[in-house]
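Raw contents of protein28.tsv, TSV, C-alpha atoms:
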chain	number	residue	atom	x	y	z
A	1	MET	CA	0.00	0.00	0.00
A	2	SER	CA	2.83	2.40	0.84
A	3	THR	CA	4.45	1.71	-2.53
A	4	SER	CA	1.19	2.45	-4.30
A	5	LEU	CA	0.77	5.69	-2.36
A	6	ARG	CA	4.29	6.81	-3.25
A	7	ARG	CA	3.67	6.02	-6.90
A	8	HIS	CA	0.41	7.97	-7.00
A	9	ALA	CA	1.49	10.76	-4.65
A	10	PRO	CA	2.45	13.27	-7.40
A	11	PHE	CA	-0.92	12.83	-9.11
A	12	LEU	CA	-2.86	13.11	-5.85
A	13	LEU	CA	-0.94	16.22	-4.80
A	14	SER	CA	-1.44	17.89	-8.17
A	15	LEU	CA	-5.15	17.02	-8.08
A	16	ALA	CA	-5.51	18.47	-4.59
A	17	ALA	CA	-3.66	21.61	-5.64
A	18	ALA	CA	-5.84	22.04	-8.74
A	19	LEU	CA	-9.06	21.63	-6.77
A	20	ALA	CA	-7.82	24.05	-4.10
A	21	LEU	CA	-6.92	26.59	-6.79
A	22	TRP	CA	-10.37	26.15	-8.35
A	23	GLU	CA	-12.01	26.69	-4.95
A	24	ILE	CA	-9.98	29.83	-4.20
A	25	ALA	CA	-10.40	31.30	-7.68
A	26	GLY	CA	-14.15	30.67	-7.55
A	27	ARG	CA	-14.48	32.47	-4.23
A	28	LEU	CA	-12.45	35.46	-5.43
A	29	THR	CA	-14.30	35.98	-8.72
A	30	SER	CA	-17.84	36.82	-9.68
A	31	ALA	CA	-20.36	33.97	-9.58
A	32	ALA	CA	-21.41	34.94	-13.11
A	33	PHE	CA	-17.91	34.03	-14.30
A	34	MET	CA	-16.85	31.13	-12.10
A	35	VAL	CA	-18.09	29.18	-9.09
A	36	PRO	CA	-16.01	27.34	-6.47
A	37	PHE	CA	-15.50	23.60	-6.66
A	38	SER	CA	-17.69	23.09	-3.57
A	39	ALA	CA	-20.56	25.02	-5.18
A	40	THR	CA	-20.12	22.98	-8.36
A	41	LEU	CA	-20.52	19.75	-6.38
A	42	VAL	CA	-23.61	21.13	-4.61
A	43	ARG	CA	-25.17	22.13	-7.93
A	44	LEU	CA	-24.30	18.72	-9.43
A	45	TRP	CA	-26.07	16.98	-6.56
A	46	GLN	CA	-29.11	19.21	-7.04
A	47	LEU	CA	-29.23	18.29	-10.74
A	48	ILE	CA	-28.97	14.58	-9.91
A	49	VAL	CA	-31.68	14.75	-7.27
A	50	SER	CA	-34.00	16.61	-9.65
A	51	GLY	CA	-34.00	13.52	-11.88
A	52	GLY	CA	-33.41	15.18	-15.23
A	53	PHE	CA	-29.63	15.01	-15.11
A	54	LEU	CA	-29.38	11.22	-15.27
A	55	THR	CA	-31.82	11.14	-18.18
A	56	GLN	CA	-29.77	13.68	-20.10
A	57	LEU	CA	-26.58	11.82	-19.22
A	58	ALA	CA	-28.09	8.62	-20.63
A	59	GLU	CA	-29.00	10.47	-23.87
A	60	SER	CA	-25.44	11.72	-24.26
A	61	ALA	CA	-24.03	8.29	-23.42
A	62	LYS	CA	-26.18	6.65	-26.11
A	63	LEU	CA	-25.00	9.20	-28.67
A	64	PHE	CA	-21.35	8.86	-27.66
A	65	ILE	CA	-21.34	5.05	-27.62
A	66	THR	CA	-23.07	4.76	-31.00
A	67	GLY	CA	-20.82	7.24	-32.80
A	68	PHE	CA	-17.65	6.01	-31.13
A	69	ALA	CA	-18.45	2.34	-31.78
A	70	LEU	CA	-19.03	3.07	-35.48
A	71	ALA	CA	-15.73	4.97	-35.62
A	72	LEU	CA	-13.91	1.97	-34.16
A	73	ILE	CA	-15.73	-0.66	-36.25
A	74	ILE	CA	-15.13	1.23	-39.50
A	75	GLY	CA	-11.85	3.01	-38.75
A	76	ALA	CA	-9.70	0.03	-37.68
A	77	PRO	CA	-10.46	-2.27	-40.67
A	78	LEU	CA	-10.26	0.67	-43.06
A	79	GLY	CA	-6.86	1.64	-41.66
A	80	MET	CA	-5.49	-1.87	-42.19
A	81	LEU	CA	-7.00	-1.98	-45.68
A	82	LEU	CA	-5.35	1.32	-46.61
A	83	ALA	CA	-2.00	0.04	-45.38
A	84	ARG	CA	-2.34	-3.35	-47.08
A	85	VAL	CA	-3.81	-2.41	-50.48
A	86	ARG	CA	-1.92	0.39	-52.21
A	87	ALA	CA	-4.61	0.99	-54.86
A	88	VAL	CA	-7.23	1.63	-52.18
A	89	ARG	CA	-4.86	3.93	-50.30
A	90	VAL	CA	-4.06	5.97	-53.42
A	91	GLY	CA	-7.74	6.24	-54.34
A	92	ILE	CA	-9.25	7.05	-50.95
A	93	GLU	CA	-6.55	8.77	-48.91
A	94	PRO	CA	-6.83	12.21	-50.61
A	95	TYR	CA	-10.52	12.38	-49.74
A	96	LEU	CA	-9.86	11.29	-46.17
A	97	MET	CA	-7.19	13.96	-45.83
A	98	LEU	CA	-9.56	16.57	-47.27
A	99	ILE	CA	-12.30	15.73	-44.76
A	100	TYR	CA	-9.80	15.48	-41.89
A	101	ALA	CA	-8.32	18.89	-42.72
A	102	THR	CA	-11.78	20.47	-42.71
A	103	PRO	CA	-12.91	21.77	-39.29
A	104	MET	CA	-15.60	19.32	-38.24
A	105	VAL	CA	-17.79	22.03	-36.74
A	106	ALA	CA	-17.93	23.65	-40.20
A	107	LEU	CA	-19.53	20.47	-41.56
A	108	ILE	CA	-22.42	20.55	-39.09
A	109	PRO	CA	-24.59	23.00	-41.13
A	110	PHE	CA	-24.05	20.81	-44.21
A	111	ILE	CA	-25.02	17.70	-42.25
A	112	LEU	CA	-28.08	19.54	-40.92
A	113	SER	CA	-29.19	20.53	-44.43
A	114	MET	CA	-28.72	16.97	-45.73
A	115	MET	CA	-30.08	14.92	-42.80
A	116	GLY	CA	-32.11	17.34	-40.71
A	117	PHE	CA	-32.54	17.03	-36.98
A	118	GLY	CA	-32.56	13.74	-35.17
A	119	PHE	CA	-30.30	11.07	-33.76
A	120	ALA	CA	-28.62	9.92	-37.00
A	121	PRO	CA	-26.98	13.26	-37.93
A	122	LYS	CA	-25.66	13.63	-34.39
A	123	VAL	CA	-24.15	10.15	-34.58
A	124	LEU	CA	-22.52	11.15	-37.87
A	125	VAL	CA	-20.93	14.18	-36.23
A	126	VAL	CA	-19.51	12.08	-33.38
A	127	PHE	CA	-18.30	9.51	-35.91
A	128	LEU	CA	-16.49	12.14	-38.01
A	129	PHE	CA	-14.83	13.60	-34.94
A	130	ALA	CA	-13.60	10.20	-33.74
A	131	VAL	CA	-12.82	8.08	-36.78
A	132	PHE	CA	-9.68	9.75	-38.14
A	133	PRO	CA	-7.35	9.13	-35.17
A	134	VAL	CA	-8.34	5.46	-35.34
A	135	ILE	CA	-7.70	5.28	-39.09
A	136	TYR	CA	-4.34	7.03	-39.13
A	137	ASN	CA	-2.93	5.27	-36.08
A	138	THR	CA	-4.00	1.90	-37.50
A	139	VAL	CA	-2.38	2.77	-40.83
A	140	GLU	CA	0.82	3.71	-39.03
A	141	GLY	CA	0.82	0.42	-37.14
A	142	ALA	CA	0.07	-1.71	-40.19
A	143	ARG	CA	2.72	0.00	-42.33
A	144	SER	CA	5.35	-0.46	-39.64
A	145	ILE	CA	5.03	-4.26	-39.65
A	146	LYS	CA	8.40	-5.77	-40.47
A	147	PRO	CA	8.43	-7.14	-44.04
A	148	GLU	CA	10.06	-10.30	-42.73
A	149	LEU	CA	6.88	-11.16	-40.83
A	150	ILE	CA	4.80	-10.87	-44.00
A	151	GLU	CA	7.35	-12.93	-45.96
A	152	VAL	CA	7.42	-15.70	-43.35
A	153	ALA	CA	3.62	-15.87	-43.32
A	154	GLN	CA	3.50	-16.00	-47.12
A	155	SER	CA	6.24	-18.67	-47.22
A	156	TYR	CA	3.93	-20.89	-45.18
A	157	ARG	CA	1.22	-20.19	-47.76
A	158	SER	CA	-0.98	-18.32	-45.33
A	159	SER	CA	-4.20	-17.03	-46.81
A	160	GLU	CA	-4.89	-13.31	-46.89
A	161	TRP	CA	-7.40	-13.71	-44.06
A	162	ALA	CA	-4.86	-15.66	-41.98
A	163	LEU	CA	-2.29	-12.95	-42.65
A	164	TRP	CA	-4.68	-10.31	-41.32
A	165	ARG	CA	-5.69	-12.42	-38.33
A	166	GLU	CA	-2.29	-13.75	-37.27
A	167	VAL	CA	0.06	-10.91	-38.23
A	168	MET	CA	-1.62	-7.59	-38.99
A	169	LEU	CA	-4.28	-7.54	-36.27
A	170	PRO	CA	-2.01	-8.43	-33.31
A	171	TYR	CA	0.72	-6.05	-34.43
A	172	THR	CA	-1.51	-3.07	-35.21
A	173	LEU	CA	-3.81	-3.41	-32.17
A	174	PRO	CA	-1.58	-1.36	-29.82
A	175	TYR	CA	-1.41	1.42	-32.42
A	176	THR	CA	-5.18	1.25	-32.87
A	177	MET	CA	-5.64	1.60	-29.12
A	178	THR	CA	-3.51	4.75	-29.21
A	179	GLY	CA	-5.91	6.09	-31.81
A	180	VAL	CA	-8.85	5.02	-29.66
A	181	ARG	CA	-7.52	7.04	-26.72
A	182	GLN	CA	-7.17	10.09	-28.94
A	183	ALA	CA	-10.60	9.49	-30.41
A	184	ILE	CA	-12.29	9.44	-27.00
A	185	GLY	CA	-11.64	13.12	-26.36
A	186	ARG	CA	-12.59	14.07	-29.91
A	187	ALA	CA	-15.80	12.04	-29.69
A	188	LEU	CA	-16.80	13.87	-26.51
A	189	VAL	CA	-16.23	17.19	-28.26
A	190	GLY	CA	-18.29	15.96	-31.20
A	191	MET	CA	-21.04	14.81	-28.85
A	192	VAL	CA	-21.37	18.23	-27.23
A	193	ALA	CA	-21.10	20.04	-30.59
A	194	ALA	CA	-23.83	17.86	-32.08
A	195	GLU	CA	-26.09	18.50	-29.10
A	196	PHE	CA	-25.43	22.22	-29.37
A	197	PHE	CA	-26.03	22.72	-33.08
A	198	LEU	CA	-28.36	19.95	-34.27
A	199	SER	CA	-30.95	19.25	-31.58
A	200	SER	CA	-30.65	20.16	-27.94
A	201	THR	CA	-30.47	16.95	-25.95
A	202	GLY	CA	-28.24	15.40	-23.31
A	203	LEU	CA	-25.50	17.24	-21.48
A	204	GLY	CA	-25.23	19.73	-24.32
A	205	GLN	CA	-28.80	20.81	-23.62
A	206	LEU	CA	-28.01	21.17	-19.92
A	207	ILE	CA	-25.00	23.36	-20.67
A	208	MET	CA	-26.96	25.54	-23.09
A	209	GLY	CA	-29.91	25.87	-20.73
A	210	ALA	CA	-27.71	26.65	-17.75
A	211	SER	CA	-25.73	29.29	-19.67
A	212	GLN	CA	-28.90	30.97	-20.93
A	213	ASN	CA	-30.23	31.09	-17.35
A	214	PHE	CA	-26.89	32.36	-16.00
A	215	ASP	CA	-26.58	29.16	-13.99
A	216	THR	CA	-22.80	29.06	-13.83
A	217	GLY	CA	-22.86	26.23	-11.32
A	218	GLY	CA	-24.91	24.09	-13.71
A	219	VAL	CA	-22.50	24.83	-16.56
A	220	PHE	CA	-19.47	23.87	-14.49
A	221	ALA	CA	-21.22	20.78	-13.10
A	222	SER	CA	-22.01	19.49	-16.60
A	223	ILE	CA	-18.51	20.22	-17.87
A	224	PHE	CA	-17.04	18.57	-14.78
A	225	VAL	CA	-18.99	15.37	-15.46
A	226	ILE	CA	-17.91	15.34	-19.11
A	227	GLY	CA	-14.30	15.79	-18.01
A	228	LEU	CA	-14.56	12.93	-15.52
A	229	ILE	CA	-16.04	10.66	-18.17
A	230	GLY	CA	-13.30	11.57	-20.63
A	231	VAL	CA	-10.49	10.99	-18.14
A	232	GLY	CA	-11.99	7.69	-17.01
A	233	LEU	CA	-12.44	6.38	-20.56
A	234	MET	CA	-8.94	7.45	-21.59
A	235	ARG	CA	-7.52	5.72	-18.53
A	236	VAL	CA	-9.31	2.51	-19.47
A	237	GLY	CA	-8.02	2.89	-23.02
A	238	LEU	CA	-4.47	3.35	-21.73
A	239	LEU	CA	-4.69	0.18	-19.64
A	240	ILE	CA	-5.96	-1.79	-22.64
A	241	GLU	CA	-3.23	-0.32	-24.83
A	242	GLN	CA	-0.53	-1.26	-22.32
A	243	HIS	CA	-1.91	-4.78	-22.12
A	244	PHE	CA	-1.85	-5.36	-25.87
A	245	ALA	CA	1.47	-3.56	-26.34
A	246	ARG	CA	3.11	-6.67	-24.89
A	247	TRP	CA	2.27	-8.48	-28.11
A	248	ARG	CA	4.95	-6.52	-29.94
A	249	HIS	CA	7.75	-7.70	-27.65

Translate the structure described by the file into structure tokens.
Amino acid sequence: MSTSLRRHAPFLLSLAAALALWEIAGRLTSAAFMVPFSATLVRLWQLIVSGGFLTQLAESAKLFITGFALALIIGAPLGMLLARVRAVRVGIEPYLMLIYATPMVALIPFILSMMGFGFAPKVLVVFLFAVFPVIYNTVEGARSIKPELIEVAQSYRSSEWALWREVMLPYTLPYTMTGVRQAIGRALVGMVAAEFFLSSTGLGQLIMGASQNFDTGGVFASIFVIGLIGVGLMRVGLLIEQHFARWRH
């Protein structure tokens, strides 16, 4: 236990310092600009007790999970395909780069005009925010496979599917998980942006409603929850990445 405490002491001290700074800054500034950490927790509890917060959280979670899952399901195989088949990479990569270079928020009015309001366009926004880190990290992992591994597999007359299953997937999985960790934060941003601009639901609706009513505590409480979710998911992603990174050694 003492070893664990020493290992986590810097993080715990920095966390305590950050929360103390938040508390002090909130007490020294106007409530219209910032509220203390203690007031944020009180307001968060009030939102939870009122019953609407958990419903909105569930709406945001459904949107996030759907868009993020599609980004992972499509992005990882597409990344390996781009790395494996040069013709596909040459044909598709310029369009991927064009979309990736375009600010995703700028695409929201276009998505609105094409798909209207509803759940599907919001899922598309989350998907577009999250899919590119998965694709490009998977491509990087697949293209860094040692040619000797491919040659050995082919010398044993492995089928293309066996090559993907036994060589490409295990080797690229740690790189894909790096992309997944990066995609988590981007997906959360896409989730809030979609709820802001397409149809007000979930935590995005809470933030908008609280800001319009000058409820600074409600704004900070919602942002605090989103931050906690993001940190928790990225931590889980890091643990999974570290687990599968052993496959490369």

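You can rank A:Gly237, A:Gly230, A:Gly118, A:Gly209 by their closest distance to Arg186 in chain A using only C-alpha atoms, and at the top of that list sits A:Gly230.
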
* Long-range neighbours of Ala106 in chain A as an MDAnalysis selection string, 12 Å cut-off, all atoms listed in the file, 3 positions minimum in chain -> chainID A and resid 99:103 109:112 125 128:129 190 193:194 197

* To do: Go through A:Phe68, A:Met115, A:Thr176, A:Gly202 one by one, measure the shortest atom-to-atom distance of each to Leu233 in chain A using only C-alpha atoms, and give the residue with the smallest value.
  =>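 For Leu233 in chain A, the nearest of the given residues is A:Phe68.
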
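Note that CA of Arg157 in chain A and CA of Thr138 in chain A are 24.9 Å apart.
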
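Here CA of Tyr175 in chain A and CA of Ser159 in chain A stand 23.6 Å from one another.
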
* For range 162-167 of chain A, please output as a ChimeraX atom specification all residues within 9 Å (counting only C-alpha atoms; exclusion window: fewer than 5 positions along the same chain). => /A:80,145,149-150,153-154,172

* To do: Please determine the residues with any atom at most 12 Å from (-6.5, 7.8, -28.1) (coordinates as given in the file, with all atoms listed in the file counting) and report them as an MDAnalysis selection string.
  => chainID A and resid 68 72 130:138 174:187 230:231 233:241

* To do: Between CA of Ala210 in chain A and CA of Leu198 in chain A, measure the distance and give it in Å to one decimal.
  =>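 Rounded to one decimal, the two atoms are 17.8 Å apart.
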
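Each of A:His243, A:Arg27, A:Arg6, A:Arg143 was checked against Arg86 in chain A using all atoms listed in the file; the smallest atom-to-atom distance is that of A:Arg143.
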
What are the closest atom pairs, with distances in Å to one decimal, for all residues of range 57-79 of chain A lying within 7 Å of range 119-123 of chain A? Consider all atoms listed in the file, order rows by chain and residue number, and present the result as a tab-separated table.
residue	atom	partner	partner_atom	distance
A:Leu63	CA	A:Val123	CA	6.0
A:Thr66	CA	A:Val123	CA	6.6
A:Gly67	CA	A:Val123	CA	4.8
